[in-house]
>>> print(open('data-v5.txt').read())   # compact mmCIF, C-alpha atoms and all ligand atoms
# COMPACT_ATOMS: atom_id res chain seq x y z
CA MET U 1 89.35 124.78 98.29
CA GLY U 2 86.19 125.68 96.40
CA GLN U 3 85.61 123.16 93.61
CA ASP U 4 88.82 121.24 94.40
CA ARG U 5 87.64 120.07 97.82
CA LYS U 6 87.25 116.32 98.27
CA ARG U 7 83.61 115.39 97.67
CA ALA U 8 81.64 113.25 100.09
CA MET U 9 80.58 109.70 99.20
CA GLY U 10 76.94 110.65 98.63
CA THR U 11 78.02 113.23 96.04
CA GLU U 12 80.45 110.88 94.31
CA ALA U 13 77.83 108.12 94.17
CA VAL U 14 75.73 110.46 92.02
CA TRP U 15 78.39 112.28 90.00
CA ALA U 16 81.53 110.12 89.65
CA GLY U 17 81.95 109.05 86.02
CA GLU U 18 78.93 111.14 85.01
CA ASP U 19 80.15 114.74 85.30
CA ARG U 20 79.85 115.39 81.56
CA LEU U 21 77.25 115.06 78.82
CA PHE U 22 77.13 111.90 76.73
CA GLU U 23 76.52 111.16 73.04
CA GLY U 24 73.89 113.53 71.60
CA ASN U 25 74.07 115.61 74.82
CA ALA U 26 72.31 112.87 76.78
CA THR U 27 72.40 113.72 80.48
CA GLN U 28 72.09 110.02 81.38
CA VAL U 29 74.58 107.27 80.55
CA PRO U 30 73.58 105.64 77.24
CA VAL U 31 73.33 101.85 77.15
CA VAL U 32 75.69 101.08 74.29
CA HIS U 33 74.82 97.63 73.00
CA SER U 34 77.22 97.86 70.06
CA VAL U 35 79.69 94.98 69.96
CA SER U 36 82.31 96.95 68.03
CA PHE U 37 83.41 100.56 67.49
CA GLY U 38 84.34 101.64 63.97
CA TYR U 39 87.10 103.93 62.68
CA ASP U 40 87.33 105.64 59.30
CA ASP U 41 90.83 106.85 60.13
CA MET U 42 93.25 103.87 60.24
CA ASP U 43 95.84 105.79 62.29
CA GLU U 44 93.23 106.64 64.91
CA TRP U 45 92.12 103.00 64.99
CA MET U 46 95.72 101.88 65.54
CA ASP U 47 96.25 104.46 68.28
CA VAL U 48 93.14 103.30 70.15
CA ALA U 49 94.06 99.64 69.63
CA LEU U 50 97.51 100.27 71.10
CA GLY U 51 96.00 102.19 74.02
CA ASN U 52 97.70 105.43 72.99
CA ARG U 53 94.43 107.32 72.87
CA PRO U 54 91.10 106.74 74.65
CA GLY U 55 88.38 104.85 72.81
CA HIS U 56 86.80 101.44 72.39
CA ILE U 57 87.45 98.65 69.90
CA TYR U 58 85.36 95.65 70.90
CA SER U 59 82.97 95.18 73.81
CA ARG U 60 84.68 92.09 75.22
CA ASN U 61 87.61 94.43 75.96
CA THR U 62 85.92 97.71 76.88
CA ASN U 63 82.48 99.28 76.45
CA PRO U 64 81.37 102.89 77.12
CA THR U 65 78.52 101.98 79.51
CA VAL U 66 80.64 99.47 81.42
CA SER U 67 83.49 102.00 81.67
CA VAL U 68 81.27 104.54 83.44
CA PHE U 69 80.30 101.91 86.01
CA GLU U 70 83.99 101.03 86.56
CA GLU U 71 84.85 104.71 86.98
CA LYS U 72 82.13 105.29 89.58
CA ILE U 73 83.25 102.40 91.82
CA ARG U 74 86.91 103.33 91.27
CA VAL U 75 86.24 106.78 92.73
CA LEU U 76 84.15 105.42 95.64
CA GLU U 77 86.89 102.92 96.60
CA GLY U 78 89.72 105.42 96.06
CA GLY U 79 91.81 103.28 93.67
CA GLU U 80 93.81 104.03 90.52
CA ALA U 81 91.84 101.71 88.22
CA ALA U 82 88.92 99.26 88.08
CA THR U 83 87.79 96.35 85.96
CA SER U 84 84.50 94.46 85.97
CA ALA U 85 83.09 90.99 85.30
CA SER U 86 79.76 89.26 84.72
CA SER U 87 79.18 88.54 88.45
CA GLY U 88 80.84 88.68 91.85
CA MET U 89 82.19 85.15 91.38
CA GLY U 90 83.30 86.22 87.90
CA ILE U 91 85.57 88.95 89.27
CA ILE U 92 86.77 86.79 92.18
CA SER U 93 87.78 83.95 89.86
CA ASN U 94 89.33 86.41 87.35
CA ALA U 95 91.41 87.96 90.12
CA LEU U 96 92.57 84.62 91.54
CA PHE U 97 93.35 82.95 88.22
CA SER U 98 95.12 86.01 86.79
CA LEU U 99 97.35 86.47 89.84
CA LEU U 100 98.14 82.83 90.69
CA ALA U 101 100.25 80.08 89.10
CA PRO U 102 100.84 76.43 90.02
CA GLY U 103 102.99 76.17 93.14
CA ASP U 104 101.69 79.44 94.64
CA ARG U 105 100.11 79.58 98.07
CA VAL U 106 96.95 81.39 99.23
CA VAL U 107 96.08 82.16 102.85
CA SER U 108 92.46 82.95 103.69
CA VAL U 109 89.80 82.27 106.31
CA LYS U 110 87.12 79.62 106.72
CA ASP U 111 84.24 82.11 106.58
CA THR U 112 84.50 83.45 103.04
CA TYR U 113 81.44 83.48 100.74
CA GLY U 114 80.38 79.92 99.83
CA GLY U 115 81.40 80.21 96.16
CA THR U 116 84.79 81.65 97.11
CA ASN U 117 85.25 78.80 99.59
CA ARG U 118 84.62 76.35 96.74
CA MET U 119 87.35 78.08 94.70
CA PHE U 120 89.73 77.50 97.62
CA THR U 121 88.76 73.90 98.35
CA GLU U 122 88.16 72.61 94.83
CA PHE U 123 89.26 74.69 91.83
CA LEU U 124 92.57 76.18 93.03
CA PRO U 125 93.94 72.87 94.40
CA ARG U 126 93.09 71.36 90.99
CA VAL U 127 95.69 73.69 89.39
CA LYS U 128 98.20 72.97 92.16
CA VAL U 129 97.65 76.13 94.18
CA ASP U 130 98.04 75.43 97.88
CA VAL U 131 95.31 77.04 100.02
CA THR U 132 95.37 77.39 103.81
CA LEU U 133 92.11 78.44 105.47
CA CYS U 134 92.50 79.82 108.98
CA ASP U 135 90.01 80.22 111.81
CA THR U 136 88.37 83.59 111.07
CA MET U 137 88.48 84.66 114.73
CA ASP U 138 92.22 83.96 115.15
CA HIS U 139 94.29 86.91 113.86
CA GLU U 140 97.53 85.41 115.29
CA ALA U 141 96.99 82.19 113.31
CA ILE U 142 96.38 84.16 110.10
CA GLU U 143 99.51 86.24 110.68
CA ALA U 144 101.58 83.10 111.37
CA GLU U 145 100.38 81.43 108.14
CA VAL U 146 101.04 84.59 106.12
CA ALA U 147 104.55 84.86 107.58
CA ARG U 148 105.31 81.37 106.24
CA GLY U 149 104.99 82.95 102.79
CA CYS U 150 102.07 83.30 100.38
CA LYS U 151 101.27 84.93 97.07
CA ILE U 152 97.78 86.07 98.07
CA LEU U 153 96.16 86.90 101.40
CA TYR U 154 92.41 86.81 100.72
CA LEU U 155 90.08 88.49 103.22
CA GLU U 156 86.38 89.21 103.56
CA THR U 157 84.81 91.35 106.31
CA PRO U 158 82.13 91.38 107.61
CA THR U 159 81.73 87.69 106.83
CA ASN U 160 78.77 85.63 105.78
CA PRO U 161 76.58 84.55 107.64
CA THR U 162 77.88 85.03 111.19
CA ILE U 163 79.03 88.61 110.49
CA ARG U 164 82.58 88.25 111.86
CA ILE U 165 85.07 91.09 111.60
CA LEU U 166 88.69 90.96 110.42
CA ASP U 167 91.18 93.73 111.21
CA LEU U 168 92.11 94.90 107.72
CA GLU U 169 94.89 97.29 108.74
CA ARG U 170 96.62 94.66 110.88
CA LEU U 171 96.29 91.83 108.36
CA SER U 172 97.25 94.02 105.37
CA ARG U 173 100.43 94.91 107.27
CA ALA U 174 101.15 91.20 107.77
CA GLY U 175 100.47 90.52 104.09
CA LYS U 176 102.76 93.32 102.96
CA ALA U 177 105.58 92.15 105.26
CA ALA U 178 105.39 88.71 103.62
CA GLY U 179 105.31 90.15 100.08
CA ALA U 180 101.73 88.97 99.51
CA THR U 181 99.03 90.72 97.48
CA VAL U 182 96.09 91.45 99.80
CA LEU U 183 92.61 90.96 98.30
CA VAL U 184 89.46 92.03 100.18
CA ASP U 185 85.85 91.18 99.31
CA ASN U 186 84.08 94.38 100.38
CA THR U 187 80.56 93.32 99.28
CA PHE U 188 78.95 93.39 102.74
CA ALA U 189 80.44 96.72 103.87
CA THR U 190 80.19 98.66 100.58
CA PRO U 191 82.51 101.65 99.98
CA ILE U 192 80.08 103.77 101.99
CA ASN U 193 81.04 101.93 105.19
CA GLN U 194 84.60 100.74 104.52
CA ASN U 195 87.48 101.41 102.11
CA PRO U 196 89.96 98.49 102.27
CA LEU U 197 92.54 100.23 100.02
CA ALA U 198 92.85 103.05 102.56
CA LEU U 199 93.47 100.39 105.23
CA GLY U 200 96.36 98.85 103.29
CA ALA U 201 94.75 96.27 100.99
CA ASP U 202 95.89 95.96 97.36
CA LEU U 203 92.72 94.90 95.56
CA VAL U 204 89.06 95.39 96.54
CA LEU U 205 86.43 93.04 95.12
CA HIS U 206 82.65 93.47 94.97
CA SER U 207 79.67 91.43 94.04
CA ALA U 208 77.90 94.42 92.44
CA THR U 209 74.82 92.19 92.38
CA LYS U 210 74.23 93.08 96.04
CA TYR U 211 74.46 96.60 97.53
CA LEU U 212 76.03 98.42 94.57
CA GLY U 213 73.12 97.59 92.27
CA GLY U 214 70.78 97.41 95.25
CA HIS U 215 67.65 96.27 93.40
CA ALA U 216 68.37 92.57 92.80
CA ASP U 217 67.87 92.96 89.05
CA ALA U 218 71.42 92.68 87.65
CA LEU U 219 74.45 90.45 88.20
CA GLY U 220 77.90 92.03 88.19
CA GLY U 221 81.32 92.07 89.79
CA VAL U 222 84.15 94.61 89.98
CA ALA U 223 87.74 94.96 91.23
CA VAL U 224 89.52 98.19 92.22
CA GLY U 225 93.26 98.64 92.84
CA SER U 226 96.53 99.91 91.39
CA ARG U 227 96.87 100.37 87.61
CA GLU U 228 99.35 97.49 87.50
CA LEU U 229 97.16 94.98 89.38
CA ILE U 230 94.02 95.91 87.46
CA LYS U 231 95.94 95.52 84.18
CA THR U 232 96.79 91.95 85.19
CA VAL U 233 93.17 91.10 86.04
CA TYR U 234 91.86 92.91 82.94
CA SER U 235 94.23 91.26 80.47
CA TYR U 236 93.13 87.83 81.73
CA ARG U 237 89.42 88.64 81.70
CA GLU U 238 89.40 90.22 78.22
CA ILE U 239 90.67 86.88 76.89
CA VAL U 240 88.58 84.61 79.11
CA GLY U 241 85.58 86.74 78.08
CA ASN U 242 83.99 86.98 81.53
CA VAL U 243 82.48 90.42 80.89
CA LEU U 244 79.71 92.58 82.31
CA ASP U 245 77.02 93.29 79.73
CA PRO U 246 76.07 96.97 79.05
CA MET U 247 72.48 96.56 80.30
CA GLY U 248 73.68 95.06 83.58
CA ALA U 249 76.24 97.86 83.92
CA TYR U 250 73.49 100.44 83.37
CA LEU U 251 71.17 98.93 85.97
CA ILE U 252 73.97 98.79 88.53
CA LEU U 253 74.99 102.38 87.71
CA ARG U 254 71.44 103.55 88.21
CA GLY U 255 71.31 101.74 91.53
CA MET U 256 74.62 103.20 92.64
CA LYS U 257 73.33 106.77 92.49
CA THR U 258 71.34 106.04 95.67
CA LEU U 259 74.02 103.83 97.27
CA ALA U 260 74.88 106.28 100.06
CA LEU U 261 71.20 106.96 100.86
CA ARG U 262 70.31 103.27 100.91
CA VAL U 263 73.30 102.13 102.95
CA GLU U 264 72.90 104.90 105.53
CA ARG U 265 69.27 103.85 105.99
CA GLN U 266 70.23 100.16 106.14
CA ASN U 267 72.95 100.89 108.72
CA ALA U 268 70.42 102.70 110.92
CA ASN U 269 67.70 100.07 110.45
CA ALA U 270 70.07 97.17 111.15
CA LEU U 271 71.44 98.71 114.34
CA GLU U 272 67.94 99.38 115.65
CA ILE U 273 66.74 95.88 114.77
CA ALA U 274 69.88 94.20 116.19
CA ARG U 275 69.36 96.04 119.51
CA PHE U 276 65.68 95.09 119.53
CA LEU U 277 66.49 91.41 118.86
CA GLU U 278 69.24 91.37 121.49
CA GLY U 279 66.77 92.63 124.08
CA HIS U 280 63.99 90.20 123.13
CA PRO U 281 63.59 87.16 125.43
CA GLY U 282 62.72 84.98 122.43
CA VAL U 283 66.16 85.49 120.89
CA GLU U 284 69.20 83.51 121.93
CA ARG U 285 71.93 85.25 119.97
CA VAL U 286 72.36 88.17 117.60
CA PHE U 287 75.35 88.63 115.31
CA TYR U 288 75.84 92.30 114.40
CA PRO U 289 79.12 94.24 114.61
CA GLY U 290 77.33 97.39 115.78
CA LEU U 291 76.41 95.69 119.09
CA GLU U 292 78.82 96.22 122.00
CA SER U 293 78.50 92.48 122.69
CA HIS U 294 79.98 91.57 119.28
CA PRO U 295 83.60 90.34 119.57
CA GLY U 296 84.63 92.43 116.54
CA HIS U 297 82.90 95.62 117.69
CA GLY U 298 86.13 97.47 118.56
CA ILE U 299 87.75 96.69 115.20
CA ALA U 300 84.53 97.54 113.35
CA ARG U 301 84.37 100.92 115.12
CA ARG U 302 87.87 101.70 113.91
CA GLN U 303 87.64 100.54 110.30
CA MET U 304 83.98 101.05 109.38
CA ARG U 305 81.94 104.24 109.11
CA GLY U 306 78.71 102.27 109.58
CA PHE U 307 78.14 98.65 110.59
CA GLY U 308 76.22 97.58 107.50
CA GLY U 309 72.80 96.14 106.75
CA MET U 310 73.54 92.45 107.39
CA LEU U 311 72.73 90.70 110.65
CA SER U 312 71.91 87.20 111.72
CA PHE U 313 70.24 85.71 114.78
CA VAL U 314 69.17 82.50 116.49
CA ALA U 315 65.75 82.31 118.11
CA ARG U 316 65.70 80.69 121.56
CA GLY U 317 65.85 76.90 121.57
CA GLY U 318 65.67 77.09 117.81
CA THR U 319 66.10 74.12 115.53
CA TYR U 320 66.38 74.30 111.75
CA GLU U 321 62.63 73.56 111.60
CA ASP U 322 61.86 76.44 114.00
CA ALA U 323 63.91 78.79 111.85
CA CYS U 324 62.00 77.65 108.77
CA ARG U 325 58.67 78.17 110.55
CA MET U 326 59.65 81.70 111.57
CA LEU U 327 60.89 82.48 108.06
CA SER U 328 57.67 81.30 106.49
CA ARG U 329 55.65 83.66 108.74
CA LEU U 330 57.61 86.83 107.98
CA ARG U 331 55.58 89.18 105.81
CA LEU U 332 58.22 91.82 105.18
CA ALA U 333 61.03 89.60 103.94
CA LYS U 334 61.67 87.89 100.66
CA ARG U 335 62.78 84.32 101.37
CA ALA U 336 65.66 84.28 98.91
CA ALA U 337 69.39 83.69 98.50
CA ASN U 338 70.50 87.23 97.64
CA LEU U 339 71.17 90.19 99.94
CA GLY U 340 71.79 93.93 99.87
CA ALA U 341 68.59 94.92 98.06
CA VAL U 342 66.06 97.63 98.94
CA GLU U 343 63.69 95.00 100.34
CA THR U 344 64.45 92.91 103.42
CA ILE U 345 65.61 89.37 102.56
CA ALA U 346 65.90 86.46 104.96
CA GLY U 347 67.03 82.86 104.77
CA PRO U 348 68.94 80.11 106.55
CA PRO U 349 72.63 79.59 105.61
CA ALA U 350 71.73 76.02 104.62
CA THR U 351 69.93 77.35 101.54
CA THR U 352 71.83 80.62 100.98
CA SER U 353 75.51 81.39 101.64
CA HIS U 354 76.51 77.85 102.62
CA VAL U 355 74.29 75.70 100.45
CA GLU U 356 77.52 74.16 99.07
CA CYS U 357 78.46 72.78 102.49
CA THR U 358 77.22 69.75 104.40
CA ARG U 359 75.55 70.06 107.82
CA GLU U 360 78.79 68.89 109.44
CA GLU U 361 80.87 71.45 107.54
CA ARG U 362 78.55 74.24 108.63
CA ALA U 363 78.80 73.07 112.23
CA ALA U 364 82.61 73.06 111.96
CA MET U 365 82.43 76.70 110.76
CA GLY U 366 80.37 77.67 113.81
CA ILE U 367 77.19 78.26 111.78
CA PRO U 368 74.11 77.15 113.78
CA GLU U 369 71.51 75.32 111.65
CA SER U 370 68.85 77.51 113.29
CA LEU U 371 70.57 80.74 112.19
CA ILE U 372 68.51 83.24 110.23
CA ARG U 373 70.42 85.60 107.98
CA TYR U 374 68.57 88.88 107.71
CA SER U 375 69.51 91.44 105.03
CA VAL U 376 67.86 94.62 106.24
CA GLY U 377 66.15 96.67 103.57
CA ILE U 378 65.20 100.35 103.41
CA GLU U 379 61.69 99.82 104.83
CA ASP U 380 60.58 101.55 108.02
CA ALA U 381 62.39 99.91 110.97
CA ALA U 382 59.23 99.91 113.13
CA ASP U 383 57.40 97.85 110.50
CA LEU U 384 60.27 95.36 110.28
CA MET U 385 60.42 95.00 114.07
CA ALA U 386 56.65 94.48 114.28
CA ASP U 387 56.99 91.75 111.65
CA LEU U 388 59.75 89.99 113.62
CA MET U 389 57.97 90.51 116.94
CA ALA U 390 54.76 88.88 115.76
CA ASP U 391 56.58 85.59 115.47
CA LEU U 392 59.00 85.92 118.40
CA ASP U 393 56.13 86.73 120.80
CA ARG U 394 54.13 83.78 119.51
CA ALA U 395 57.10 81.48 120.16
CA LEU U 396 57.18 82.62 123.80
CA ALA U 397 53.45 82.30 124.34
C1 LIG C 1 77.03 87.18 96.51
C2 LIG C 1 78.45 87.29 96.94
C3 LIG C 1 79.49 86.93 96.09
C4 LIG C 1 79.23 86.36 94.70
O1 LIG C 1 78.61 87.31 93.89
P1 LIG C 1 77.69 86.90 92.61
O2 LIG C 1 77.40 88.23 92.00
O3 LIG C 1 76.50 86.20 93.13
O4 LIG C 1 78.53 86.03 91.75
C5 LIG C 1 80.78 87.08 96.54
N1 LIG C 1 81.05 87.55 97.77
C6 LIG C 1 80.08 87.90 98.63
C7 LIG C 1 80.44 88.42 99.98
C8 LIG C 1 78.75 87.78 98.25
O5 LIG C 1 77.78 88.12 99.11
>>> encode(input="data-v5.txt", output="structure tokens", more="lines below")
Ligand SMILES: *Cc1c(COP(=O)(O)O)cnc(C)c1O
Amino acid sequence: MGQDRKRAMGTEAVWAGEDRLFEGNATQVPVVHSVSFGYDDMDEWMDVALGNRPGHIYSRNTNPTVSVFEEKIRVLEGGEAATSASSGMGIISNALFSLLAPGDRVVSVKDTYGGTNRMFTEFLPRVKVDVTLCDTMDHEAIEAEVARGCKILYLETPTNPTIRILDLERLSRAGKAAGATVLVDNTFATPINQNPLALGADLVLHSATKYLGGHADALGGVAVGSRELIKTVYSYREIVGNVLDPMGAYLILRGMKTLALRVERQNANALEIARFLEGHPGVERVFYPGLESHPGHGIARRQMRGFGGMLSFVARGGTYEDACRMLSRLRLAKRAANLGAVETIAGPPATTSHVECTREERAAMGIPESLIRYSVGIEDAADLMADLMADLDRALA
């Protein structure tokens, strides 16, 4: 007990990786822009180069600022090791290309992030990796495809933009039984709401650009998992050179100190707004896993500590043009493609998550053209609801 007790997420978000003083007794993590790290003692240099003692050689491999960021997310996700990249897509492509070879098979779902979907439909087939994308709502179909054999089972939950929920414990079990490595994009949930490794996954991926950084001012990506898996991803990325820069790492680190505070507020705001929208006669449908009406609510209750800050909705009788009109009237929402920031952000999937797809492809994925994706910020919920209500009431009038 005492100082050995397991610390809560809010404490780790502040302290993990930072429970010591830095160079010159700095209390805050220095931004080390140096490309290389010099050694007067050749034996010491060799030891560091061989990995026999801690230290840095060259910033494409490791960097002190970047390492602190990796340590903080490692602790929050409860893994043995972590490695980062220049963006979320950077870490996703590093993970896939380092773990796969021609002839391998990947099983995933239709609802992954748009860029990830492009990896599955375009870039992996180009190097002779076979990809099967299952209906996101059909766990039996996913299990059946996994049982046919695959190298990677790739999951994302909640999904973008219809906020569907996958059962991570159940699907990780299926992946393990088939000898697959289970990858989970945990960007939407954040480690505050969900820890995929504890549910049986092998590798957790994040677009740190979103909730981890939280202020929409730095791109970054990170993977957390076993030492062995992270070594595989790291040794590929140090050669490919897809690295997070120290300034980006610092900005994300600074954002992460308030991760628990922000996400708890966003969970509460999103639930309140989802309930308000569900009860409003001007709204046809609301997608939010915290609502009892959501098909994934039961699974979400089991595997998530909070339901997250992402929701989407369709206004009654809405067309794409109606959605655009409503979006243009919102005062408390940036109309932009990102998500997970302190300010509320809204947009239609046609210009955000699924800009890579055609209208027909979006329809096939069950994404209504009139859908509005709403990334709830940390503002006051009453102000956000008043902003939404102004337009919904006008539509009914
Ligand atoms: C944004 C996002 C990504 C890609 O991250 P970038 O940092 O933009 O490259 C991957 N997955 C999810 C779920 C995302 O929202």
>>> residues_around(input="data-v5.txt", residues="segment 129-133 of chain U", least_positions_apart="3", cutoff="12 Å", atoms="all atoms listed in the file", output="number ranges by chain")
U: 96-97, 99-112, 116-126, 136-138, 141-146, 148-155, 365
>>> closest_residue(input="data-v5.txt", among="U:Thr209, U:Asn195, U:Ser36, U:Ser172", to="Gly78 of chain U", atoms="all atoms listed in the file")
U:Asn195
>>> residues_near_ligand(input="data-v5.txt", ligand="ligand LIG 1 (chain C)", cutoff="9 Å", atoms="only C-alpha atoms and all ligand atoms", output="PyMOL selection string")
chain U and resi 86-92+112-116+156-160+185-188+205-210+218-221+337-340+353
>>> closest_residue(input="data-v5.txt", among="U:Asp245, U:Glu360, U:Asp4, U:Asp19", to="Val35 of chain U", atoms="only C-alpha atoms")
U:Asp245
>>> closest_residue(input="data-v5.txt", among="U:Glu12, U:Ala147, U:Val224, U:Ala333", to="Ala178 of chain U", atoms="only C-alpha atoms")
U:Ala147
>>> residues_near_point(input="data-v5.txt", point="(89.3, 101.9, 67.6)", cutoff="12 Å", atoms="all atoms listed in the file", output="PyMOL selection string")
chain U and resi 36-59+61-63
>>> atom_distance(input="data-v5.txt", atom1="atom CA of Pro64 of chain U", atom2="atom CA of Arg262 of chain U")
26.2 Å
>>> residues_around(input="data-v5.txt", residues="Val14 of chain U", least_positions_apart="6", cutoff="8 Å", atoms="all atoms listed in the file", output="list in words")
Met256, Lys257 and Thr258 of chain U
>>> write_last_selection(input="data-v5.txt", atoms="C-alpha atoms", output="CSV table (one decimal), keeping the file's coordinate frame")
chain,number,residue,atom,x,y,z
U,256,MET,CA,74.6,103.2,92.6
U,257,LYS,CA,73.3,106.8,92.5
U,258,THR,CA,71.3,106.0,95.7
>>> decode(input="data-v5.txt", residues="segment 240-247 of chain U", atoms="all heavy atoms", output="compact mmCIF listing (two decimals), in the first residue's frame")
# COMPACT_ATOMS: atom_id res chain seq x y z
N VAL U 240 12.34 3.56 -41.89
CA VAL U 240 11.46 4.29 -42.81
C VAL U 240 11.51 5.80 -42.50
O VAL U 240 11.32 6.64 -43.37
CB VAL U 240 10.02 3.74 -42.71
CG1 VAL U 240 9.04 4.60 -43.47
CG2 VAL U 240 9.99 2.32 -43.24
N GLY U 241 11.79 6.13 -41.23
CA GLY U 241 11.98 7.54 -40.86
C GLY U 241 10.70 8.30 -40.61
O GLY U 241 10.67 9.53 -40.65
N ASN U 242 9.63 7.57 -40.31
CA ASN U 242 8.33 8.16 -40.03
C ASN U 242 8.28 8.51 -38.55
O ASN U 242 7.74 7.76 -37.74
CB ASN U 242 7.28 7.12 -40.44
CG ASN U 242 5.88 7.55 -40.15
OD1 ASN U 242 5.63 8.56 -39.52
ND2 ASN U 242 4.95 6.76 -40.60
N VAL U 243 8.91 9.63 -38.16
CA VAL U 243 9.09 9.92 -36.73
C VAL U 243 8.34 11.16 -36.27
O VAL U 243 8.11 12.09 -37.03
CB VAL U 243 10.59 10.09 -36.37
CG1 VAL U 243 11.32 8.79 -36.53
CG2 VAL U 243 11.24 11.18 -37.20
N LEU U 244 8.00 11.16 -34.99
CA LEU U 244 7.35 12.30 -34.34
C LEU U 244 8.43 13.33 -34.02
O LEU U 244 9.47 12.99 -33.45
CB LEU U 244 6.66 11.81 -33.06
CG LEU U 244 5.91 12.84 -32.22
CD1 LEU U 244 4.80 13.49 -33.04
CD2 LEU U 244 5.32 12.17 -31.00
N ASP U 245 8.19 14.60 -34.36
CA ASP U 245 9.21 15.60 -34.05
C ASP U 245 9.08 16.05 -32.59
O ASP U 245 8.01 15.96 -32.00
CB ASP U 245 9.09 16.79 -35.01
CG ASP U 245 7.90 17.65 -34.66
OD1 ASP U 245 6.77 17.22 -34.90
OD2 ASP U 245 8.11 18.75 -34.13
N PRO U 246 10.19 16.50 -31.97
CA PRO U 246 10.20 16.83 -30.54
C PRO U 246 9.16 17.90 -30.17
O PRO U 246 8.55 17.83 -29.10
CB PRO U 246 11.62 17.34 -30.28
CG PRO U 246 12.43 16.83 -31.42
CD PRO U 246 11.52 16.66 -32.58
N MET U 247 8.96 18.90 -31.04
CA MET U 247 7.99 19.95 -30.70
C MET U 247 6.57 19.38 -30.66
O MET U 247 5.79 19.71 -29.77
CB MET U 247 8.09 21.09 -31.73
CG MET U 247 7.40 22.36 -31.29
SD MET U 247 8.14 23.03 -29.77
CE MET U 247 6.69 23.69 -28.99
